[in-house]
file upload_6.cif (mmCIF, C-alpha atoms)
data_model
#
loop_
_atom_site.group_PDB
_atom_site.id
_atom_site.type_symbol
_atom_site.label_atom_id
_atom_site.label_comp_id
_atom_site.auth_asym_id
_atom_site.auth_seq_id
_atom_site.Cartn_x
_atom_site.Cartn_y
_atom_site.Cartn_z
ATOM 1 C CA MET A 1 -4.310 86.160 214.688
ATOM 2 C CA THR A 2 -2.371 83.419 212.984
ATOM 3 C CA SER A 3 0.690 82.355 214.945
ATOM 4 C CA GLU A 4 4.075 82.294 213.224
ATOM 5 C CA ALA A 5 4.150 78.491 213.411
ATOM 6 C CA GLU A 6 0.721 78.226 211.742
ATOM 7 C CA ARG A 7 1.701 80.762 209.112
ATOM 8 C CA LYS A 8 4.863 78.787 208.338
ATOM 9 C CA MET A 9 2.862 75.544 208.086
ATOM 10 C CA GLN A 10 0.373 77.194 205.700
ATOM 11 C CA PHE A 11 3.260 78.615 203.656
ATOM 12 C CA LEU A 12 4.960 75.213 203.311
ATOM 13 C CA PHE A 13 1.628 73.510 202.584
ATOM 14 C CA ALA A 14 0.987 75.996 199.741
ATOM 15 C CA LEU A 15 4.451 75.244 198.300
ATOM 16 C CA ARG A 16 3.935 71.469 198.482
ATOM 17 C CA SER A 17 0.437 71.648 196.997
ATOM 18 C CA ARG A 18 1.859 73.480 193.970
ATOM 19 C CA GLY A 19 4.561 70.899 193.330
ATOM 20 C CA VAL A 20 7.549 71.987 195.433
ATOM 21 C CA THR A 21 8.510 68.624 196.938
ATOM 22 C CA ASP A 22 12.330 68.687 197.159
ATOM 23 C CA ALA A 23 13.195 68.428 200.871
ATOM 24 C CA ARG A 24 16.299 70.663 200.647
ATOM 25 C CA VAL A 25 14.385 73.371 198.792
ATOM 26 C CA LEU A 26 11.508 73.284 201.306
ATOM 27 C CA ASP A 27 14.003 73.440 204.174
ATOM 28 C CA ALA A 28 15.745 76.487 202.641
ATOM 29 C CA MET A 29 12.402 78.214 202.048
ATOM 30 C CA GLU A 30 11.364 77.546 205.627
ATOM 31 C CA LYS A 31 14.607 79.166 206.848
ATOM 32 C CA VAL A 32 14.377 82.304 204.679
ATOM 33 C CA ASP A 33 11.718 84.694 205.967
ATOM 34 C CA ARG A 34 10.101 86.445 202.981
ATOM 35 C CA GLY A 35 9.006 89.318 205.259
ATOM 36 C CA PRO A 36 12.168 91.496 205.135
ATOM 37 C CA PHE A 37 12.193 91.312 201.329
ATOM 38 C CA VAL A 38 8.707 92.871 200.996
ATOM 39 C CA LYS A 39 8.419 96.509 202.015
ATOM 40 C CA GLY A 40 5.729 99.116 202.521
ATOM 41 C CA LEU A 41 2.088 98.547 201.655
ATOM 42 C CA PHE A 42 2.512 94.893 200.777
ATOM 43 C CA ALA A 43 4.473 93.804 203.855
ATOM 44 C CA GLU A 44 1.488 92.061 205.457
ATOM 45 C CA ARG A 45 1.025 89.942 202.333
ATOM 46 C CA ALA A 46 4.586 88.598 202.420
ATOM 47 C CA TYR A 47 3.417 85.104 203.412
ATOM 48 C CA GLU A 48 0.811 84.728 200.688
ATOM 49 C CA ASP A 49 1.645 82.732 197.578
ATOM 50 C CA MET A 50 1.509 85.669 195.194
ATOM 51 C CA PRO A 51 3.936 87.950 193.357
ATOM 52 C CA LEU A 52 4.213 91.448 194.871
ATOM 53 C CA PRO A 53 5.551 94.789 193.571
ATOM 54 C CA ILE A 54 8.958 96.010 194.743
ATOM 55 C CA ALA A 55 10.990 99.124 193.859
ATOM 56 C CA CYS A 56 12.083 100.065 190.317
ATOM 57 C CA GLY A 57 8.917 98.631 188.741
ATOM 58 C CA GLN A 58 10.042 95.057 189.491
ATOM 59 C CA THR A 59 8.335 92.222 191.382
ATOM 60 C CA ILE A 60 9.174 89.640 194.021
ATOM 61 C CA SER A 61 8.104 86.315 192.516
ATOM 62 C CA GLN A 62 5.402 84.084 193.896
ATOM 63 C CA PRO A 63 7.021 81.740 196.485
ATOM 64 C CA SER A 64 5.741 78.597 194.736
ATOM 65 C CA VAL A 65 7.374 79.760 191.464
ATOM 66 C CA VAL A 66 10.612 80.515 193.366
ATOM 67 C CA GLY A 67 10.411 76.991 194.807
ATOM 68 C CA LEU A 68 9.722 75.325 191.462
ATOM 69 C CA MET A 69 12.552 77.226 189.742
ATOM 70 C CA THR A 70 14.951 76.385 192.569
ATOM 71 C CA GLN A 71 13.896 72.734 192.471
ATOM 72 C CA ALA A 72 14.390 72.618 188.678
ATOM 73 C CA LEU A 73 17.924 73.965 189.124
ATOM 74 C CA LYS A 74 18.980 70.890 191.178
ATOM 75 C CA VAL A 75 21.522 72.857 193.236
ATOM 76 C CA THR A 76 24.125 70.846 195.153
ATOM 77 C CA PRO A 77 26.160 72.067 198.161
ATOM 78 C CA ARG A 78 29.305 72.324 195.978
ATOM 79 C CA ASP A 79 27.745 74.525 193.293
ATOM 80 C CA LYS A 80 28.698 78.027 192.237
ATOM 81 C CA VAL A 81 25.472 79.703 191.122
ATOM 82 C CA LEU A 82 24.785 82.812 189.038
ATOM 83 C CA GLU A 83 21.432 84.535 189.480
ATOM 84 C CA VAL A 84 20.449 87.108 186.849
ATOM 85 C CA GLY A 85 17.922 89.546 188.339
ATOM 86 C CA THR A 86 18.534 90.033 192.066
ATOM 87 C CA GLY A 87 15.279 91.923 192.553
ATOM 88 C CA SER A 88 14.363 91.816 196.247
ATOM 89 C CA GLY A 89 17.149 89.314 197.017
ATOM 90 C CA TYR A 90 14.698 86.638 198.205
ATOM 91 C CA GLN A 91 15.630 84.053 195.572
ATOM 92 C CA ALA A 92 19.381 84.592 196.156
ATOM 93 C CA ALA A 93 18.929 84.097 199.911
ATOM 94 C CA ILE A 94 17.272 80.718 199.261
ATOM 95 C CA LEU A 95 20.022 79.705 196.824
ATOM 96 C CA ALA A 96 22.622 80.686 199.462
ATOM 97 C CA HIS A 97 21.269 77.934 201.744
ATOM 98 C CA LEU A 98 21.695 75.347 198.982
ATOM 99 C CA ALA A 99 24.891 76.304 197.137
ATOM 100 C CA ARG A 100 28.524 76.930 198.014
ATOM 101 C CA ARG A 101 28.555 80.410 196.489
ATOM 102 C CA VAL A 102 25.947 82.670 194.858
ATOM 103 C CA TYR A 103 26.719 85.550 192.499
ATOM 104 C CA THR A 104 23.703 87.711 191.777
ATOM 105 C CA VAL A 105 23.429 90.651 189.395
ATOM 106 C CA ASP A 106 20.792 93.333 188.823
ATOM 107 C CA ARG A 107 20.598 96.361 186.537
ATOM 108 C CA TYR A 108 19.134 98.542 189.322
ATOM 109 C CA LYS A 109 21.667 99.859 191.842
ATOM 110 C CA ARG A 110 18.907 100.598 194.360
ATOM 111 C CA LEU A 111 17.749 96.951 194.377
ATOM 112 C CA VAL A 112 21.339 95.729 194.708
ATOM 113 C CA ASN A 113 21.956 98.029 197.700
ATOM 114 C CA GLU A 114 18.692 97.030 199.415
ATOM 115 C CA ALA A 115 19.316 93.310 198.874
ATOM 116 C CA ARG A 116 22.903 93.606 200.121
ATOM 117 C CA ALA A 117 21.649 95.305 203.309
ATOM 118 C CA ILE A 118 19.248 92.406 203.980
ATOM 119 C CA PHE A 119 21.972 89.788 203.364
ATOM 120 C CA ASP A 120 24.265 91.640 205.794
ATOM 121 C CA ALA A 121 21.494 91.912 208.413
ATOM 122 C CA GLN A 122 20.801 88.173 208.121
ATOM 123 C CA ASP A 123 24.515 87.334 208.150
ATOM 124 C CA ILE A 124 24.365 85.537 204.792
ATOM 125 C CA THR A 125 28.017 85.577 203.770
ATOM 126 C CA ASN A 126 28.149 83.453 200.593
ATOM 127 C CA ILE A 127 26.338 85.895 198.255
ATOM 128 C CA THR A 128 28.139 88.502 196.133
ATOM 129 C CA VAL A 129 25.877 91.170 194.580
ATOM 130 C CA PHE A 130 26.758 93.199 191.483
ATOM 131 C CA THR A 131 25.106 96.086 189.636
ATOM 132 C CA ALA A 132 25.543 95.102 185.998
ATOM 133 C CA ASP A 133 23.764 94.148 182.792
ATOM 134 C CA GLY A 134 22.747 90.589 183.644
ATOM 135 C CA SER A 135 22.109 89.619 180.030
ATOM 136 C CA HIS A 136 25.907 89.396 179.674
ATOM 137 C CA GLY A 137 26.297 87.306 182.843
ATOM 138 C CA LEU A 138 29.514 87.668 184.826
ATOM 139 C CA PRO A 139 32.355 86.570 182.519
ATOM 140 C CA ASP A 140 35.009 87.284 185.194
ATOM 141 C CA GLN A 141 33.413 84.754 187.573
ATOM 142 C CA ALA A 142 32.478 82.119 184.955
ATOM 143 C CA PRO A 143 32.020 79.246 184.496
ATOM 144 C CA PHE A 144 29.035 78.443 186.735
ATOM 145 C CA ASP A 145 27.531 75.115 187.798
ATOM 146 C CA ARG A 146 24.037 76.605 187.825
ATOM 147 C CA ILE A 147 22.471 79.751 186.333
ATOM 148 C CA LEU A 148 19.012 81.042 187.276
ATOM 149 C CA VAL A 149 17.428 83.843 185.244
ATOM 150 C CA THR A 150 14.491 85.627 186.876
ATOM 151 C CA ALA A 151 13.434 87.683 183.835
ATOM 152 C CA ALA A 152 12.095 86.465 180.500
ATOM 153 C CA ALA A 153 14.268 86.343 177.397
ATOM 154 C CA GLU A 154 13.072 85.638 173.855
ATOM 155 C CA ASP A 155 15.703 82.886 173.694
ATOM 156 C CA PRO A 156 18.134 81.562 176.308
ATOM 157 C CA PRO A 157 20.856 84.272 176.171
ATOM 158 C CA GLY A 158 24.014 83.150 174.363
ATOM 159 C CA PRO A 159 26.478 84.789 176.806
ATOM 160 C CA LEU A 160 24.810 82.945 179.708
ATOM 161 C CA LEU A 161 24.825 79.591 177.906
ATOM 162 C CA ALA A 162 28.551 80.101 177.262
ATOM 163 C CA GLN A 163 29.160 80.656 181.007
ATOM 164 C CA LEU A 164 27.607 77.321 181.972
ATOM 165 C CA LYS A 165 29.958 74.445 182.856
ATOM 166 C CA ILE A 166 29.694 71.115 181.053
ATOM 167 C CA GLY A 167 27.031 69.267 183.058
ATOM 168 C CA GLY A 168 25.690 72.602 184.294
ATOM 169 C CA ILE A 169 22.020 73.598 184.391
ATOM 170 C CA MET A 170 20.325 76.893 183.577
ATOM 171 C CA VAL A 171 16.675 77.668 184.337
ATOM 172 C CA VAL A 172 15.221 80.605 182.366
ATOM 173 C CA PRO A 173 11.748 81.886 181.416
ATOM 174 C CA VAL A 174 11.572 82.138 177.617
ATOM 175 C CA GLY A 175 8.982 83.909 175.468
ATOM 176 C CA GLN A 176 7.602 87.275 174.406
ATOM 177 C CA SER A 177 7.125 89.561 177.408
ATOM 178 C CA ASP A 178 3.418 90.161 176.721
ATOM 179 C CA ALA A 179 2.503 86.558 175.938
ATOM 180 C CA VAL A 180 2.740 83.255 177.749
ATOM 181 C CA GLN A 181 6.303 82.339 178.628
ATOM 182 C CA SER A 182 7.684 78.893 179.312
ATOM 183 C CA LEU A 183 10.113 77.976 182.044
ATOM 184 C CA ILE A 184 12.975 76.157 180.309
ATOM 185 C CA ARG A 185 15.723 74.033 181.839
ATOM 186 C CA VAL A 186 18.893 73.944 179.753
ATOM 187 C CA THR A 187 21.508 71.274 180.493
ATOM 188 C CA ARG A 188 24.933 71.661 178.904
ATOM 189 C CA SER A 189 26.517 68.444 177.689
ATOM 190 C CA GLU A 190 29.807 67.695 175.939
ATOM 191 C CA THR A 191 28.044 67.972 172.589
ATOM 192 C CA GLY A 192 25.695 70.924 173.099
ATOM 193 C CA TYR A 193 22.576 71.931 175.035
ATOM 194 C CA GLU A 194 19.467 69.955 175.946
ATOM 195 C CA TYR A 195 16.214 71.849 176.551
ATOM 196 C CA ASP A 196 13.291 70.797 178.763
ATOM 197 C CA GLU A 197 10.079 72.791 178.868
ATOM 198 C CA LEU A 198 8.796 72.800 182.457
ATOM 199 C CA ARG A 199 5.705 74.992 182.839
ATOM 200 C CA PRO A 200 4.049 78.265 181.763
ATOM 201 C CA VAL A 201 5.145 81.352 183.750
ATOM 202 C CA ARG A 202 5.011 85.166 183.598
ATOM 203 C CA PHE A 203 8.082 87.282 184.301
ATOM 204 C CA VAL A 204 9.214 90.822 183.597
ATOM 205 C CA PRO A 205 11.365 90.982 180.431
ATOM 206 C CA LEU A 206 15.147 90.641 180.569
ATOM 207 C CA LEU A 207 16.420 94.059 179.496
ATOM 208 C CA GLU A 208 19.895 95.073 178.415
ATOM 209 C CA GLY A 209 21.813 97.930 179.989
ATOM 210 C CA LEU A 210 21.566 99.431 183.475
ATOM 211 C CA GLY A 211 18.360 100.722 185.054
ATOM 212 C CA LYS A 212 17.780 104.420 185.602
ATOM 213 C CA GLU A 213 16.815 104.302 189.306
#
call {"tool": "encode", "arguments": {"input": "upload_6.cif", "output": "structure tokens"}}
result
Amino acid sequence: MTSEAERKMQFLFALRSRGVTDARVLDAMEKVDRGPFVKGLFAERAYEDMPLPIACGQTISQPSVVGLMTQALKVTPRDKVLEVGTGSGYQAAILAHLARRVYTVDRYKRLVNEARAIFDAQDITNITVFTADGSHGLPDQAPFDRILVTAAAEDPPGPLLAQLKIGGIMVVPVGQSDAVQSLIRVTRSETGYEYDELRPVRFVPLLEGLGKE
């Protein structure tokens, strides 16, 4: 049997070996146990660096991809962050250790309720979860210092770009849902938006409207 300490060391080693080197991000990922966010048949695989299925036909992302996206976002302790696509809640829990406040939105009420229950159980108090169409962001809470999108759009969504502060950063997978997508970092400046292509990724598509489950 692998001890918890060994498992944690292997987990952090896997993150580092895949390019997650930011000390604050690694510290947050060490603090957030992925276990509670993975249920049922896949629970014993929670500490492997692989994406896993969750309810509503969605997935919990591979930890190294979570780490790389979080690192690309360059979150500071003063930031107000919007996450589009709560999913299991794992990514939001990591962001909560790095940011002042996290707003997260998902189209599936069931996922929102399950994630909220985990946040409450872990006493994470700086996350607010909404059931809503994430492609429109959260205009009532805007603007945001950082926006993280965990589903792929064909282009960075206009409503989300508009909700980014000047100097703000958005990280979003962009591309056709059945082809290779690219992880893009968008930085808003006084004069417009700058785009950096970071790496190839695969995410579920960003869909409009609310989910049926």
call {"tool": "closest_residue", "arguments": {"input": "upload_6.cif", "among": "A:Ser88, A:Gln141, A:Gln163, A:Thr125", "to": "Pro36 in chain A", "atoms": "only C-alpha atoms"}}
result
A:Ser88
call {"tool": "residues_around", "arguments": {"input": "upload_6.cif", "residues": "range 50-66 of chain A", "least_positions_apart": "2", "cutoff": "8 Å", "atoms": "all atoms listed in the file", "output": "mmCIF file with C-alpha atoms, in the coordinates of the input"}}
result
data_model
loop_
_atom_site.group_PDB
_atom_site.id
_atom_site.type_symbol
_atom_site.label_atom_id
_atom_site.label_comp_id
_atom_site.auth_asym_id
_atom_site.auth_seq_id
_atom_site.Cartn_x
_atom_site.Cartn_y
_atom_site.Cartn_z
ATOM 1 C CA ALA A 14 0.987 75.996 199.741
ATOM 2 C CA LEU A 15 4.451 75.244 198.300
ATOM 3 C CA ARG A 18 1.859 73.480 193.970
ATOM 4 C CA GLY A 19 4.561 70.899 193.330
ATOM 5 C CA VAL A 20 7.549 71.987 195.433
ATOM 6 C CA VAL A 38 8.707 92.871 200.996
ATOM 7 C CA LYS A 39 8.419 96.509 202.015
ATOM 8 C CA PHE A 42 2.512 94.893 200.777
ATOM 9 C CA GLU A 48 0.811 84.728 200.688
ATOM 10 C CA LEU A 68 9.722 75.325 191.462
ATOM 11 C CA MET A 69 12.552 77.226 189.742
ATOM 12 C CA THR A 70 14.951 76.385 192.569
ATOM 13 C CA GLY A 87 15.279 91.923 192.553
ATOM 14 C CA SER A 88 14.363 91.816 196.247
ATOM 15 C CA TYR A 90 14.698 86.638 198.205
ATOM 16 C CA GLN A 91 15.630 84.053 195.572
ATOM 17 C CA TYR A 108 19.134 98.542 189.322
ATOM 18 C CA ARG A 110 18.907 100.598 194.360
ATOM 19 C CA LEU A 111 17.749 96.951 194.377
ATOM 20 C CA VAL A 204 9.214 90.822 183.597
ATOM 21 C CA GLU A 213 16.815 104.302 189.306
#
call {"tool": "resolve_selection", "arguments": {"input": "upload_6.cif", "expression": "the PyMOL selection byres ((chain A and resi 105) around 8)", "output": "PyMOL selection string"}}
result
chain A and resi 82-86+103-104+106-107+112+129-134+137
call {"tool": "write_last_selection", "arguments": {"input": "upload_6.cif", "atoms": "C-alpha atoms", "output": "PDB file, in the frame of the given file"}}
result
ATOM      1  CA  LEU A  82      24.785  82.812 189.038  1.00  0.00           C
ATOM      2  CA  GLU A  83      21.432  84.535 189.480  1.00  0.00           C
ATOM      3  CA  VAL A  84      20.449  87.108 186.849  1.00  0.00           C
ATOM      4  CA  GLY A  85      17.922  89.546 188.339  1.00  0.00           C
ATOM      5  CA  THR A  86      18.534  90.033 192.066  1.00  0.00           C
ATOM      6  CA  TYR A 103      26.719  85.550 192.499  1.00  0.00           C
ATOM      7  CA  THR A 104      23.703  87.711 191.777  1.00  0.00           C
ATOM      8  CA  ASP A 106      20.792  93.333 188.823  1.00  0.00           C
ATOM      9  CA  ARG A 107      20.598  96.361 186.537  1.00  0.00           C
ATOM     10  CA  VAL A 112      21.339  95.729 194.708  1.00  0.00           C
ATOM     11  CA  VAL A 129      25.877  91.170 194.580  1.00  0.00           C
ATOM     12  CA  PHE A 130      26.758  93.199 191.483  1.00  0.00           C
ATOM     13  CA  THR A 131      25.106  96.086 189.636  1.00  0.00           C
ATOM     14  CA  ALA A 132      25.543  95.102 185.998  1.00  0.00           C
ATOM     15  CA  ASP A 133      23.764  94.148 182.792  1.00  0.00           C
ATOM     16  CA  GLY A 134      22.747  90.589 183.644  1.00  0.00           C
ATOM     17  CA  GLY A 137      26.297  87.306 182.843  1.00  0.00           C
TER      18      GLY A 137
END
call {"tool": "resolve_selection", "arguments": {"input": "upload_6.cif", "expression": "the PyMOL selection byres ((chain A and resi 30) around 10)", "output": "list of chain:residue names"}}
result
A:Lys8, A:Met9, A:Phe11, A:Leu12, A:Arg24, A:Val25, A:Leu26, A:Asp27, A:Ala28, A:Met29, A:Lys31, A:Val32, A:Asp33, A:Arg34, A:Ile94
call {"tool": "closest_residue", "arguments": {"input": "upload_6.cif", "among": "A:Phe37, A:Tyr47, A:Phe119, A:Tyr193", "to": "Met170 in chain A", "atoms": "only C-alpha atoms"}}
result
A:Tyr193
call {"tool": "resolve_selection", "arguments": {"input": "upload_6.cif", "expression": "the PyMOL selection byres ((chain A and resi 180) around 12)", "output": "list in words"}}
result
Ala152, Ala153, Glu154, Pro173, Val174, Gly175, Gln176, Ser177, Asp178, Ala179, Gln181, Ser182, Leu183, Arg199, Pro200, Val201, Arg202, Phe203, Val204 and Pro205 of chain A
call {"tool": "closest_residue", "arguments": {"input": "upload_6.cif", "among": "A:Pro139, A:Asp123, A:Asp49, A:Val171", "to": "Pro159 in chain A", "atoms": "all atoms listed in the file"}}
result
A:Pro139
call {"tool": "residues_around", "arguments": {"input": "upload_6.cif", "residues": "Leu161 in chain A", "least_positions_apart": "6", "cutoff": "10 Å", "atoms": "all atoms listed in the file", "output": "PyMOL selection string"}}
result
chain A and resi 137+143-144+147+168-170+186-188+192-193
call {"tool": "atom_distance", "arguments": {"input": "upload_6.cif", "atom1": "CA of Ile127 in chain A", "atom2": "CA of Arg45 in chain A"}}
result
26.0 Å
call {"tool": "atom_distance", "arguments": {"input": "upload_6.cif", "atom1": "CA of Pro157 in chain A", "atom2": "CA of Ser135 in chain A"}}
result
6.7 Å
call {"tool": "closest_residue", "arguments": {"input": "upload_6.cif", "among": "A:Ile124, A:Ala162, A:Ala117, A:Ile184", "to": "Thr150 in chain A", "atoms": "all atoms listed in the file"}}
result
A:Ile184
call {"tool": "residues_around", "arguments": {"input": "upload_6.cif", "residues": "Val75 in chain A", "least_positions_apart": "4", "cutoff": "9 Å", "atoms": "all atoms listed in the file", "output": "list in words"}}
result
Thr70, Gln71, Asp79, Lys80, Val81, Leu95, Leu98, Ala99, Asp145, Arg146 and Ile169 of chain A
call {"tool": "atom_distance", "arguments": {"input": "upload_6.cif", "atom1": "CA of Gly89 in chain A", "atom2": "CA of Arg116 in chain A"}}
result
7.8 Å
call {"tool": "axis_aligned_box", "arguments": {"input": "upload_6.cif", "around": "range 72-79 of chain A", "padding_each_side": "6 Å", "output": "AutoDock Vina command-line options"}}
result
--center_x 21.8 --center_y 72.7 --center_z 193.4 --size_x 26.9 --size_y 15.7 --size_z 21.5
